[in-house]
There are 2 protein chains.
Amino acid sequence: MMMTDVLQQTLKQIQPLNPEWLARAQARLDQLTKPRGSLGRLEELAAWYVAVREEMSPIIRKKAVVIFAGDHGVVAEGVSAYPQEVTFQMVANFVQGGAGINVLARHVGAEVQIVDIGVNHDFPGMPGLISRKVRYGTGNLAREAAMSRDEAEAALLCGIELAQENIAAGADVLATGEMGIGNTTPAAALAAVFTGKPAAAVTGRGTGVDDHSYRHKVQVIERALALHRPDPGDPMGVLARLGGLEIAGLAGLILGSAAARRPVLVDGFIATAAALLAVRLCPAVRDYLAAAHQSAEFGHQVMLAELKLEPLLQLRMRLGEGTGAALGMSLLEAGVKIYREMATFAEAGVSDQD
Amino acid sequence: MMMTDVLQQTLKQIQPLNPEWLARAQARLDQLTKPRGSLGRLEELAAWYVAVREEMSPIIRKKAVVIFAGDHGVVAEGVSAYPQEVTFQMVANFVQGGAGINVLARHVGAEVQIVDIGVNHDFPGMPGLISRKVRYGTGNLAREAAMSRDEAEAALLCGIELAQENIAAGADVLATGEMGIGNTTPAAALAAVFTGKPAAAVTGRGTGVDDHSYRHKVQVIERALALHRPDPGDPMGVLARLGGLEIAGLAGLILGSAAARRPVLVDGFIATAAALLAVRLCPAVRDYLAAAHQSAEFGHQVMLAELKLEPLLQLRMRLGEGTGAALGMSLLEAGVKIYREMATFAEAGVSDQD
């Protein structure tokens, strides 16, 4: 099946960063009143932002966290410590502003958008919720394809559209957020396929299953991989088989942002699986990603290593929702402000190194 | 010589944290709509803040970074890559708002105060600068005592007073900032005395000396230690001998904050040496400290290990000024907001773990 025109066009727009912009930005950073390089990763973030935007003095006016919510048929296998209804309950919590991501987004001055891309529940008249449901949750990947290839494409396009809408509304930086009871299982399955590692090397305990349930979870993923024999060279096929509607949405958000030269902060296990998927669809997209936080979830490091991304924060968080990405946005903004607002040696009349 | 009454009284007021407050705070954190413990260090910071303040729902209204600036006679030995005049030039830069700490403090919504505790320069009519000069820089510790015991006490008391003044003005959280060309040398000397390690194990390159100068810097510190034979059991004597007027001010700020039950964010090499000094004067003060950032400066980890503090951030920064502490304040505030603002399972109608 052919990929839609929008997807094709988006992939074509994504170009690797031009290192000349990094060098230009570093030249300015080296004139600021500090020993060269002494603001470490804040300087790297600033130079990266300049190169992503291809502007000598880009500002961050608007930051958006886009949360995709979806359900997972694989919960029938008992892979999660929480019942499926928590997905829709948490969607309501997001809309009301009471979840962790709401608090942290307010803290860093970012907007939060909540997208129903595949929750197994109807939300009649819930203002503040963006309804883009592709289907009522995925199929059980241990027994059937999570979704059809058309559905996978629709979910990916939904993410691209959300990026485009946010950027049209002024977003300078985007962050990935997600909610979906059971979603560490498809994320681990995707990680296994795209890193070539066995399921046990990339599977963690999610929101808190015990030893017995953990071994079962690994077996469920192994069974799914044996059933579908996914081809890593066909990322859309892998996505359709192993799924995750919100994972597809996140991958689309990443692709759409990169195509419009906007950086994306990616945080935990689910978001990084989506990033891996996006990179398999278009390797250059990796240049537009920053890893905000290293999750406590086992297997996350394996994915970050595959992407050659070094996380900014290590706070032992494992909540998801985009909580790590929101905090990472604030560090990016700090770096950009350093770049824009610090005085140079000449401006401040400070002597440079001997 | 007897310690002044203010110092004695301050040390007596500092009590270890009561673990019951930590448990009470954790009980609330466990009711919030997230898997238990899934916000990792943000939860720890929130519980810590509750225990420091001994209030069930403490807020952070005002944050202050207090920067102590002082000069160092030891620069005569060629231990710094920058000339001494940079200390006073940077003080002017701080007052004008153009330095790294100004930018980051604005970013996190903290006030900045600049205290001349011992700069080798006069600042006639510089509004915004707090003048508390104890002397015009320290003596050269490689050849003489950095300061007298009276001066060391005066500098420590200056820090205590700054804490008291800030807290009287509403500061809920304080952060340590410093400026002083050459100050990694006395900081390393203090670190060697208080950790019992050889100078080479706790000395780094500061703002950027080369290999040859680095070996020389270690030798200067070894010479100072051989000359003064400082007694680790007499922290005020160690301070007077090896000095750092701004280091004394920072230690006083830490003690004064802890005495009034306010947390202190400590970041880099200099600030952590001051924290070690404060802990040697009063071990319970350690409970009021958070390590904001692990400096790229070699030897910082040794001090953090001695204090049993785990840094919140590792961003390869090595600027000082309180830049890491400012970023750490924002994480503390994020944790406190999580604690105060997130909905509980009951409030949000979300099902808890099976």
# chains A, B, ... in the order shown; residues from 1 in each chain; ligands from 1

call {"tool": "interface_residues", "arguments": {"of": "chain A", "to": "chain B", "cutoff": "6 Å", "atoms": "only C-alpha atoms", "output": "short mmCIF file (atom, residue, chain, number, x, y, z; two decimals) with all heavy atoms, in the first residue's frame"}}
result
data_model
loop_
_atom_site.label_atom_id
_atom_site.label_comp_id
_atom_site.auth_asym_id
_atom_site.auth_seq_id
_atom_site.Cartn_x
_atom_site.Cartn_y
_atom_site.Cartn_z
N PRO A 35 33.59 31.31 31.13
CA PRO A 35 34.60 30.49 30.45
C PRO A 35 33.94 29.68 29.32
O PRO A 35 32.79 29.24 29.47
CB PRO A 35 35.12 29.58 31.56
CG PRO A 35 34.82 30.33 32.83
CD PRO A 35 33.54 31.05 32.57
N SER A 38 31.45 26.55 29.58
CA SER A 38 31.21 26.29 31.01
C SER A 38 29.73 26.15 31.36
O SER A 38 29.41 25.79 32.48
CB SER A 38 31.85 27.38 31.87
OG SER A 38 31.24 28.62 31.60
N LEU A 39 28.84 26.42 30.41
CA LEU A 39 27.44 26.11 30.69
C LEU A 39 27.00 24.81 30.03
O LEU A 39 25.80 24.52 29.90
CB LEU A 39 26.52 27.30 30.37
CG LEU A 39 26.60 28.37 31.48
CD1 LEU A 39 25.80 29.60 31.12
CD2 LEU A 39 26.11 27.82 32.84
N GLY A 40 27.99 23.99 29.66
CA GLY A 40 27.76 22.60 29.29
C GLY A 40 26.57 22.36 28.38
O GLY A 40 26.49 22.90 27.27
N ARG A 41 25.65 21.57 28.87
CA ARG A 41 24.55 21.16 28.02
C ARG A 41 23.59 22.30 27.72
O ARG A 41 22.86 22.24 26.72
CB ARG A 41 23.83 19.96 28.64
CG ARG A 41 24.79 18.76 28.74
CD ARG A 41 24.08 17.47 28.84
NE ARG A 41 23.44 17.12 27.58
CZ ARG A 41 22.61 16.11 27.43
NH1 ARG A 41 22.31 15.35 28.47
NH2 ARG A 41 22.07 15.84 26.27
N ALA A 81 -0.89 -3.27 35.78
CA ALA A 81 -1.36 -3.28 37.17
C ALA A 81 -2.64 -2.45 37.33
O ALA A 81 -3.27 -2.49 38.37
CB ALA A 81 -0.26 -2.74 38.08
N TYR A 82 -2.99 -1.69 36.30
CA TYR A 82 -4.18 -0.82 36.39
C TYR A 82 -5.25 -1.29 35.41
O TYR A 82 -4.93 -1.79 34.32
CB TYR A 82 -3.81 0.63 36.07
CG TYR A 82 -3.06 1.32 37.19
CD1 TYR A 82 -1.69 1.17 37.32
CD2 TYR A 82 -3.72 2.12 38.11
CE1 TYR A 82 -1.00 1.80 38.35
CE2 TYR A 82 -3.05 2.75 39.14
CZ TYR A 82 -1.68 2.59 39.26
OH TYR A 82 -1.01 3.20 40.28
N GLN A 89 -10.40 7.68 32.51
CA GLN A 89 -10.45 8.49 33.74
C GLN A 89 -9.32 9.52 33.76
O GLN A 89 -9.52 10.67 34.17
CB GLN A 89 -10.35 7.57 34.96
CG GLN A 89 -11.57 6.68 35.15
CD GLN A 89 -11.34 5.57 36.17
OE1 GLN A 89 -10.19 5.26 36.53
NE2 GLN A 89 -12.42 4.97 36.64
N ASN A 93 -9.04 13.64 33.87
CA ASN A 93 -8.13 14.31 34.81
C ASN A 93 -7.23 15.32 34.08
O ASN A 93 -7.03 16.44 34.56
CB ASN A 93 -7.29 13.24 35.52
CG ASN A 93 -6.61 13.73 36.80
OD1 ASN A 93 -6.98 14.76 37.36
ND2 ASN A 93 -5.62 12.99 37.26
N GLY A 98 -5.70 18.21 36.59
CA GLY A 98 -5.26 17.65 37.87
C GLY A 98 -4.14 16.62 37.80
O GLY A 98 -3.72 16.09 38.84
N ALA A 99 -3.65 16.33 36.61
CA ALA A 99 -2.63 15.28 36.48
C ALA A 99 -1.23 15.87 36.60
O ALA A 99 -1.04 17.09 36.54
CB ALA A 99 -2.78 14.56 35.14
N THR A 207 3.91 0.54 35.00
CA THR A 207 3.50 1.29 36.19
C THR A 207 3.55 0.44 37.45
O THR A 207 3.15 0.90 38.52
CB THR A 207 2.09 1.86 36.00
OG1 THR A 207 1.26 0.81 35.54
CG2 THR A 207 2.10 2.99 35.01
N LEU A 315 15.78 11.71 36.86
CA LEU A 315 15.10 12.00 38.13
C LEU A 315 14.31 10.78 38.64
O LEU A 315 13.42 10.94 39.48
CB LEU A 315 14.19 13.22 37.97
CG LEU A 315 14.94 14.53 37.62
CD1 LEU A 315 13.94 15.63 37.24
CD2 LEU A 315 15.82 14.99 38.79
N ARG A 316 14.62 9.61 38.12
CA ARG A 316 13.95 8.36 38.51
C ARG A 316 12.44 8.43 38.33
O ARG A 316 11.70 7.80 39.08
CB ARG A 316 14.30 8.00 39.96
CG ARG A 316 15.76 7.64 40.16
CD ARG A 316 16.01 6.91 41.49
NE ARG A 316 15.92 7.77 42.65
CZ ARG A 316 16.94 8.46 43.15
NH1 ARG A 316 18.12 8.40 42.58
NH2 ARG A 316 16.77 9.19 44.21
N MET A 317 12.00 9.20 37.37
CA MET A 317 10.57 9.26 37.08
C MET A 317 10.19 8.13 36.13
O MET A 317 11.01 7.66 35.35
CB MET A 317 10.20 10.61 36.47
CG MET A 317 10.71 11.81 37.28
SD MET A 317 9.82 13.35 36.97
CE MET A 317 10.01 13.52 35.21
N ARG A 318 8.95 7.71 36.20
CA ARG A 318 8.44 6.65 35.33
C ARG A 318 6.94 6.78 35.19
O ARG A 318 6.20 5.80 35.23
CB ARG A 318 8.83 5.26 35.86
CG ARG A 318 8.43 5.06 37.31
CD ARG A 318 8.79 3.68 37.84
NE ARG A 318 8.54 3.63 39.27
CZ ARG A 318 7.36 3.43 39.84
NH1 ARG A 318 6.28 3.23 39.09
NH2 ARG A 318 7.22 3.44 41.15
N LEU A 319 6.47 8.02 35.05
CA LEU A 319 5.03 8.27 34.98
C LEU A 319 4.55 8.36 33.55
O LEU A 319 3.42 8.00 33.24
CB LEU A 319 4.71 9.59 35.71
CG LEU A 319 3.26 10.07 35.65
CD1 LEU A 319 2.32 8.99 36.18
CD2 LEU A 319 3.08 11.36 36.42
N MET A 342 22.60 36.79 27.82
CA MET A 342 23.84 37.08 28.53
C MET A 342 24.63 38.17 27.82
O MET A 342 24.61 38.27 26.60
CB MET A 342 24.72 35.81 28.64
CG MET A 342 24.51 35.02 29.92
SD MET A 342 25.68 33.63 30.03
CE MET A 342 27.18 34.49 30.55
N ALA A 343 25.36 38.96 28.62
CA ALA A 343 26.23 39.99 28.05
C ALA A 343 27.49 39.33 27.47
O ALA A 343 27.96 38.31 27.97
CB ALA A 343 26.62 40.98 29.14
N ALA A 348 30.05 43.88 28.56
CA ALA A 348 30.11 44.03 30.01
C ALA A 348 31.45 44.60 30.47
O ALA A 348 31.61 44.89 31.66
CB ALA A 348 29.88 42.67 30.68
N VAL A 350 34.29 42.98 30.60
CA VAL A 350 34.95 41.94 31.41
C VAL A 350 36.13 41.40 30.61
O VAL A 350 36.01 41.15 29.40
CB VAL A 350 33.96 40.80 31.77
CG1 VAL A 350 34.68 39.64 32.44
CG2 VAL A 350 32.83 41.33 32.65
N GLN A 353 39.84 35.37 29.05
CA GLN A 353 40.93 34.51 29.53
C GLN A 353 42.29 35.06 29.10
O GLN A 353 42.42 35.63 28.01
CB GLN A 353 40.72 33.11 28.95
CG GLN A 353 41.49 32.02 29.64
CD GLN A 353 40.83 30.66 29.44
OE1 GLN A 353 39.77 30.55 28.85
NE2 GLN A 353 41.45 29.62 29.96
N ASP A 354 43.30 34.90 29.95
CA ASP A 354 44.65 35.39 29.64
C ASP A 354 45.17 34.79 28.34
O ASP A 354 45.02 33.61 28.10
CB ASP A 354 45.62 34.98 30.77
CG ASP A 354 45.43 35.83 32.01
OD1 ASP A 354 44.73 36.85 31.91
OD2 ASP A 354 45.97 35.46 33.07
#

call {"tool": "select_by_dssp", "arguments": {"residues": "stretch 83-308 of chain B", "states": "strand (DSSP E or B)", "output": "compact mmCIF listing (two decimals) with N, CA, C and O atoms, in the first residue's frame"}}
result
# COMPACT_ATOMS: atom_id res chain seq x y z
N GLU B 111 15.01 35.85 42.85
CA GLU B 111 15.74 37.09 43.02
C GLU B 111 17.24 36.80 43.09
O GLU B 111 17.65 35.74 43.55
N VAL B 112 18.05 37.78 42.70
CA VAL B 112 19.50 37.66 42.84
C VAL B 112 19.99 38.79 43.74
O VAL B 112 19.59 39.94 43.55
N GLN B 113 20.80 38.46 44.70
CA GLN B 113 21.46 39.47 45.52
C GLN B 113 22.96 39.32 45.36
O GLN B 113 23.46 38.19 45.33
N ILE B 114 23.64 40.44 45.27
CA ILE B 114 25.09 40.40 45.09
C ILE B 114 25.73 41.07 46.30
O ILE B 114 25.43 42.23 46.61
N VAL B 115 26.58 40.32 46.97
CA VAL B 115 27.20 40.77 48.21
C VAL B 115 28.71 40.87 48.01
O VAL B 115 29.37 39.88 47.71
N ASP B 116 29.25 42.08 48.17
CA ASP B 116 30.70 42.24 48.19
C ASP B 116 31.17 41.92 49.61
O ASP B 116 31.06 42.74 50.51
N ILE B 117 31.67 40.72 49.78
CA ILE B 117 32.14 40.31 51.11
C ILE B 117 33.67 40.44 51.19
O ILE B 117 34.23 40.38 52.28
N GLY B 118 34.31 40.62 50.02
CA GLY B 118 35.76 40.70 50.09
C GLY B 118 36.44 40.90 48.75
O GLY B 118 37.51 40.33 48.49
N LEU B 129 24.30 46.70 44.76
CA LEU B 129 25.35 45.88 45.38
C LEU B 129 25.26 46.01 46.90
O LEU B 129 25.17 47.11 47.43
N ILE B 130 25.26 44.88 47.59
CA ILE B 130 25.23 44.87 49.05
C ILE B 130 26.68 44.88 49.55
O ILE B 130 27.44 43.94 49.28
N SER B 131 27.05 45.95 50.24
CA SER B 131 28.45 46.11 50.66
C SER B 131 28.66 45.58 52.06
O SER B 131 28.18 46.16 53.02
N VAL B 173 13.08 29.69 49.96
CA VAL B 173 14.17 28.81 49.52
C VAL B 173 15.36 29.69 49.19
O VAL B 173 15.19 30.74 48.57
N LEU B 174 16.55 29.25 49.55
CA LEU B 174 17.75 30.02 49.22
C LEU B 174 18.69 29.17 48.37
O LEU B 174 18.67 27.94 48.44
N ALA B 175 19.48 29.86 47.59
CA ALA B 175 20.49 29.18 46.77
C ALA B 175 21.81 29.91 46.92
O ALA B 175 21.85 31.13 47.08
N THR B 176 22.87 29.14 46.86
CA THR B 176 24.22 29.67 47.04
C THR B 176 24.82 30.10 45.71
O THR B 176 24.80 29.34 44.74
N GLY B 177 25.36 31.30 45.68
CA GLY B 177 26.06 31.77 44.48
C GLY B 177 27.39 32.37 44.88
O GLY B 177 27.55 32.84 46.01
N GLU B 178 28.36 32.34 43.98
CA GLU B 178 29.67 32.90 44.34
C GLU B 178 30.41 33.39 43.11
O GLU B 178 30.18 32.93 41.99
N MET B 179 31.34 34.30 43.35
CA MET B 179 32.26 34.78 42.33
C MET B 179 33.55 35.14 43.02
O MET B 179 33.56 35.83 44.04
N VAL B 264 18.27 24.93 51.37
CA VAL B 264 19.31 25.62 50.59
C VAL B 264 19.73 24.73 49.43
O VAL B 264 20.08 23.56 49.63
N LEU B 265 19.69 25.29 48.25
CA LEU B 265 20.19 24.61 47.07
C LEU B 265 21.65 24.98 46.88
O LEU B 265 21.99 26.16 46.78
N VAL B 266 22.48 23.94 46.84
CA VAL B 266 23.93 24.11 46.73
C VAL B 266 24.32 23.50 45.39
O VAL B 266 23.78 22.48 45.00
N LEU B 289 20.15 20.68 53.04
CA LEU B 289 20.84 20.91 51.77
C LEU B 289 20.33 19.99 50.67
O LEU B 289 20.09 18.81 50.90
N ALA B 290 20.18 20.54 49.48
CA ALA B 290 20.02 19.72 48.29
C ALA B 290 21.15 20.07 47.33
O ALA B 290 21.48 21.24 47.16
N ALA B 291 21.74 19.03 46.75
CA ALA B 291 22.80 19.24 45.75
C ALA B 291 22.13 19.42 44.40
O ALA B 291 21.53 18.49 43.87
N HIS B 293 23.44 20.40 41.32
CA HIS B 293 24.11 20.05 40.07
C HIS B 293 25.49 19.47 40.35
O HIS B 293 26.21 19.98 41.20

call {"tool": "select_by_dssp", "arguments": {"residues": "stretch 49-243 of chain A", "states": "helix (DSSP H, G or I)", "output": "number ranges by chain"}}
result
A: 49-53, 73-77, 85-96, 100-108, 149-168, 184-195, 199-202, 211-228, 235-242

call {"tool": "residues_around", "arguments": {"residues": "stretch 164-169 of chain A", "least_positions_apart": "5", "cutoff": "12 Å", "atoms": "only C-alpha atoms", "output": "JSON, numbers by chain"}}
result
{"A": [6, 10, 61, 62, 63, 64, 65, 66, 111, 112, 113, 130, 157, 158, 159, 174, 175, 252, 253, 254, 255, 256, 257, 258, 259, 260, 261, 262, 263, 264]}

call {"tool": "closest_residue", "arguments": {"among": "B:Leu17, B:Ala192, B:Ala69, B:Ala201", "to": "B:Tyr136", "atoms": "only C-alpha atoms"}}
result
B:Ala69

call {"tool": "residues_around", "arguments": {"residues": "A:His212", "least_positions_apart": "4", "cutoff": "12 Å", "atoms": "only C-alpha atoms", "output": "ChimeraX atom specification"}}
result
/A:78-81,205,208,216-219

call {"tool": "write_last_selection", "arguments": {"atoms": "N, CA and C atoms", "output": "PDB file, in the first residue's frame"}}
result
ATOM      1  N   GLY A  78      -3.479  -9.353  30.806  1.00  0.00           N
ATOM      2  CA  GLY A  78      -3.059  -9.083  32.193  1.00  0.00           C
ATOM      3  C   GLY A  78      -1.666  -8.498  32.298  1.00  0.00           C
ATOM      4  N   VAL A  79      -1.330  -7.576  31.394  1.00  0.00           N
ATOM      5  CA  VAL A  79       0.025  -7.008  31.399  1.00  0.00           C
ATOM      6  C   VAL A  79       0.148  -5.720  32.216  1.00  0.00           C
ATOM      7  N   SER A  80      -0.970  -5.214  32.724  1.00  0.00           N
ATOM      8  CA  SER A  80      -0.903  -3.938  33.454  1.00  0.00           C
ATOM      9  C   SER A  80      -1.443  -4.082  34.868  1.00  0.00           C
ATOM     10  N   ALA A  81      -0.894  -3.275  35.778  1.00  0.00           N
ATOM     11  CA  ALA A  81      -1.363  -3.280  37.167  1.00  0.00           C
ATOM     12  C   ALA A  81      -2.639  -2.452  37.333  1.00  0.00           C
ATOM     13  N   ARG A 205       8.786  -2.928  33.959  1.00  0.00           N
ATOM     14  CA  ARG A 205       7.619  -3.249  34.768  1.00  0.00           C
ATOM     15  C   ARG A 205       6.459  -2.278  34.589  1.00  0.00           C
ATOM     16  N   GLY A 208       4.029  -0.797  37.354  1.00  0.00           N
ATOM     17  CA  GLY A 208       4.252  -1.530  38.593  1.00  0.00           C
ATOM     18  C   GLY A 208       3.708  -2.945  38.680  1.00  0.00           C
ATOM     19  N   HIS A 216       5.388 -12.846  32.767  1.00  0.00           N
ATOM     20  CA  HIS A 216       4.263 -13.058  31.862  1.00  0.00           C
ATOM     21  C   HIS A 216       4.263 -12.002  30.748  1.00  0.00           C
ATOM     22  N   LYS A 217       4.544 -10.761  31.127  1.00  0.00           N
ATOM     23  CA  LYS A 217       4.551  -9.667  30.147  1.00  0.00           C
ATOM     24  C   LYS A 217       5.600  -9.919  29.061  1.00  0.00           C
ATOM     25  N   VAL A 218       6.785 -10.367  29.485  1.00  0.00           N
ATOM     26  CA  VAL A 218       7.837 -10.681  28.507  1.00  0.00           C
ATOM     27  C   VAL A 218       7.364 -11.794  27.569  1.00  0.00           C
ATOM     28  N   GLN A 219       6.696 -12.796  28.142  1.00  0.00           N
ATOM     29  CA  GLN A 219       6.206 -13.911  27.317  1.00  0.00           C
ATOM     30  C   GLN A 219       5.151 -13.443  26.318  1.00  0.00           C
TER      31      GLN A 219
END

call {"tool": "closest_residue", "arguments": {"among": "B:Thr138, B:Thr203, B:Thr4, B:Gln26", "to": "B:Ala46", "atoms": "only C-alpha atoms"}}
result
B:Gln26

call {"tool": "residues_around", "arguments": {"residues": "B:Val74", "least_positions_apart": "5", "cutoff": "12 Å", "atoms": "only C-alpha atoms", "output": "number ranges by chain"}}
result
B: 79-80, 83-84, 137-146, 180-187, 189, 217, 220-221, 223-224, 242-244
